[in-house]
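Below: one structure, written as structure tokens.
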Amino acid sequence: MLRRIVYVPFVLGFGLLAAFAVETRTQITPWHALALTRTINTIEVVHFYKTGIYADRAALVDYLREQKNDTKAGGRVREWTSRLNFFSDEILPGWFLEYEVKPGNTGYILILTGSDEKQKTGSNEGQKSVVITDEKAVIYRATPYATDRLPAAREIARAQDVPGEAPI
């Protein structure tokens with residue numbers, strides 16, 4: 001009887017702890033978006049070295065799936081990679097991916113747009129944190145950025161051409 005009394009609170013306590021752990025996951029921040037951008041740049045370099053062309057979105061997603069399931073990754077990296085969503089443009093919670101391979105496979109443009117910054121800036125206009133990169137693998141950040149003025153990836157020739165950008 002004593003075993004059952006001890007066992008029930010232990011199981012209930014473990015269940016509450018597990019539920020609490022799910023609710024206290026790390027918030028996705030610009031640091032995570034930068035980590036994803038660095039990962040994608042590395043994937044592109046490896047893919048280009050192996051094949052001579054830049055990865056299209058399907059190949060990029062396949063590489064990212066491999067990264068997501070990598071058991072060698074450290075805990076901090078593993079936590080955000082476990083939250084990658086390959087079935088939506090919202091690749092990370094609050095972060096949207098726009099990816100375009102340039103015509104003739106001469107390069108690529110990657111834009112990650114972050115969560116609404118309206119409360120942080122005090123402005124009435126919705127603002128976004130923006131991370132931009134291309135085949136040169138230099139990462140730029142433009143923040144905050146008005147959502148209605150953000151150019152599409154297909155409209156950008158080079159990452160450094162985005163107004164308000166600054167290299168990281």
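Labeling convention for the structure tokens: chains A, B, ... as they appear, residues from 1 per chain, ligands from 1 in order of appearance.
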
Exercise for the section: Would you kindly return, as a list in words, each protein, DNA or RNA residue with an atom no farther than 7 Å from any atom of A:Ala153, considering only C-alpha atoms and excluding same-chain residues fewer than 3 positions away? Expected result: Glu98, Tyr99, Glu100, Ile109, Leu110, Ile111 and Ile156 of chain A

| said: So that I can see what lies close to stretch 65-69 of chain A, please list as a PyMOL selection string the residues with an atom at most 6 Å from it, counting only C-alpha atoms and leaving out residues fewer than 3 positions away in the same chain. | reply: chain A and resi 62+81-82

Could you take the residues named above and write them with C-alpha atoms, as a tab-separated table (two decimals), in the first residue's frame?
chain	number	residue	atom	x	y	z
A	62	ASP	CA	15.93	18.06	-46.63
A	81	THR	CA	16.10	23.03	-34.19
A	82	SER	CA	13.43	20.84	-32.64

Using only C-alpha atoms, pick whichever of A:Val162, A:Ala33, A:Leu150, A:Val138 has the shortest atom-to-atom distance to A:Arg83.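 Residue with the minimum atom-to-atom distance to A:Arg83: A:Ala33.
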
* To do: For A:Gly107, work out the shell of residues within 6 Å, counting only C-alpha atoms and skipping chain neighbours fewer than 5 positions away, then give it as a list in words.
  =>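 Once the adjacent positions are removed, what remains is Val101, Lys102 and Glu135 of chain A.
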
Fill in: Distance criterion (only C-alpha atoms): nearest to A:Pro167 out of A:Thr51, A:Thr133, A:Asn41, A:Thr113
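Checking each of A:Thr51, A:Thr133, A:Asn41, A:Thr113 against A:Pro167, counting only C-alpha atoms, the winner is A:Thr133.
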
Let's see if you can do this: from backbone DSSP, list all alpha helix (DSSP H) residues in stretch 53-103 of chain A, as a VMD selection string. chain A and resid 57 to 68 75 to 81

Selection above as a file: N, CA, C and O atoms, as a short mmCIF file (atom, residue, chain, number, x, y, z; two decimals), in the first residue's frame:
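Saved file out-v8.cif follows:
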data_model
loop_
_atom_site.label_atom_id
_atom_site.label_comp_id
_atom_site.auth_asym_id
_atom_site.auth_seq_id
_atom_site.Cartn_x
_atom_site.Cartn_y
_atom_site.Cartn_z
N ARG A 57 14.50 25.10 -52.61
CA ARG A 57 13.84 25.04 -51.30
C ARG A 57 13.66 23.60 -50.81
O ARG A 57 13.85 23.31 -49.64
N ALA A 58 13.32 22.67 -51.70
CA ALA A 58 13.12 21.27 -51.30
C ALA A 58 14.41 20.66 -50.78
O ALA A 58 14.41 19.98 -49.74
N ALA A 59 15.53 20.88 -51.47
CA ALA A 59 16.82 20.36 -51.01
C ALA A 59 17.23 21.01 -49.69
O ALA A 59 17.76 20.34 -48.80
N LEU A 60 16.97 22.30 -49.57
CA LEU A 60 17.28 23.02 -48.33
C LEU A 60 16.51 22.42 -47.16
O LEU A 60 17.07 22.18 -46.09
N VAL A 61 15.24 22.15 -47.36
CA VAL A 61 14.40 21.55 -46.30
C VAL A 61 14.94 20.17 -45.93
O VAL A 61 14.99 19.81 -44.76
N ASP A 62 15.37 19.38 -46.93
CA ASP A 62 15.93 18.06 -46.63
C ASP A 62 17.17 18.17 -45.76
O ASP A 62 17.34 17.42 -44.79
N TYR A 63 18.07 19.11 -46.09
CA TYR A 63 19.26 19.31 -45.28
C TYR A 63 18.89 19.75 -43.86
O TYR A 63 19.47 19.30 -42.88
N LEU A 64 17.93 20.65 -43.75
CA LEU A 64 17.51 21.12 -42.42
C LEU A 64 16.88 20.00 -41.61
O LEU A 64 17.06 19.95 -40.39
N ARG A 65 16.15 19.11 -42.26
CA ARG A 65 15.59 17.95 -41.54
C ARG A 65 16.71 17.09 -40.96
O ARG A 65 16.59 16.59 -39.85
N GLU A 66 17.78 16.91 -41.72
CA GLU A 66 18.93 16.16 -41.20
C GLU A 66 19.50 16.86 -39.98
O GLU A 66 19.85 16.21 -38.99
N GLN A 67 19.61 18.19 -40.03
CA GLN A 67 20.11 18.95 -38.89
C GLN A 67 19.20 18.81 -37.68
O GLN A 67 19.64 18.69 -36.56
N LYS A 68 17.90 18.83 -37.94
CA LYS A 68 16.91 18.75 -36.86
C LYS A 68 17.04 17.43 -36.11
O LYS A 68 16.88 17.38 -34.90
N GLY A 75 22.62 21.00 -26.48
CA GLY A 75 21.27 21.23 -25.98
C GLY A 75 20.64 22.52 -26.44
O GLY A 75 19.49 22.56 -26.83
N ARG A 76 21.39 23.62 -26.44
CA ARG A 76 20.83 24.91 -26.81
C ARG A 76 20.43 24.93 -28.28
O ARG A 76 19.36 25.38 -28.64
N VAL A 77 21.31 24.43 -29.12
CA VAL A 77 21.01 24.38 -30.55
C VAL A 77 19.89 23.38 -30.81
O VAL A 77 18.97 23.64 -31.56
N ARG A 78 19.94 22.24 -30.15
CA ARG A 78 18.94 21.19 -30.34
C ARG A 78 17.54 21.71 -30.02
O ARG A 78 16.59 21.33 -30.67
N GLU A 79 17.42 22.56 -29.01
CA GLU A 79 16.10 23.05 -28.60
C GLU A 79 15.46 23.85 -29.72
O GLU A 79 14.31 23.63 -30.06
N TRP A 80 16.17 24.76 -30.35
CA TRP A 80 15.53 25.56 -31.41
C TRP A 80 15.36 24.75 -32.68
O TRP A 80 14.39 24.95 -33.40
N THR A 81 16.28 23.83 -32.98
CA THR A 81 16.10 23.03 -34.19
C THR A 81 14.92 22.09 -34.06
O THR A 81 14.28 21.77 -35.06
#

- Item | Point-to-point distance from atom CA of A:Gly94 to atom CA of A:Ile28, Å rounded to tenths |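 Between these atoms lies a distance of 7.4 Å.
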
Review point. Nearest to A:Phe48: which of A:Leu97, A:Leu92, A:Thr106, A:Glu155 is it, counting only C-alpha atoms?
Key: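 Looking at the shortest contact to A:Phe48, the residue is A:Thr106.
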
One residue among A:Arg158, A:Tyr49, A:Ala166, A:Asn85 is nearest to A:Tyr108 when using only C-alpha atoms, and that residue is A:Arg158

Go through A:Ala157, A:Ile132, A:Val45, A:Leu84 and flag the residue nearest A:Pro103, using only C-alpha atoms for the distances.
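Using only C-alpha atoms, the shortest distance to A:Pro103 belongs to A:Ala157.
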
(message) For a quick check of understanding, using only C-alpha atoms, which of A:Leu112, A:His47, A:Leu34, A:Pro151 has the smallest distance to A:Val130?
(response)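 The closest residue to A:Val130 is A:Leu112.
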
Hey, what's within 6 Å of A:Glu165 if we count only C-alpha atoms and toss same-chain stuff fewer than 5 positions away? As a PDB file with N, CA, C and O atoms, in the first residue's frame, please?
ATOM      1  N   TYR A 140      23.076  40.231 -42.941  1.00  0.00           N
ATOM      2  CA  TYR A 140      22.690  41.615 -42.661  1.00  0.00           C
ATOM      3  C   TYR A 140      21.442  41.604 -41.796  1.00  0.00           C
ATOM      4  O   TYR A 140      20.628  40.689 -41.868  1.00  0.00           O
ATOM      5  N   ARG A 141      21.303  42.661 -41.010  1.00  0.00           N
ATOM      6  CA  ARG A 141      20.109  42.808 -40.191  1.00  0.00           C
ATOM      7  C   ARG A 141      19.542  44.203 -40.406  1.00  0.00           C
ATOM      8  O   ARG A 141      20.272  45.183 -40.373  1.00  0.00           O
ATOM      9  N   ALA A 142      18.256  44.262 -40.632  1.00  0.00           N
ATOM     10  CA  ALA A 142      17.542  45.533 -40.752  1.00  0.00           C
ATOM     11  C   ALA A 142      16.414  45.482 -39.739  1.00  0.00           C
ATOM     12  O   ALA A 142      15.476  44.706 -39.886  1.00  0.00           O
TER      13      ALA A 142
END
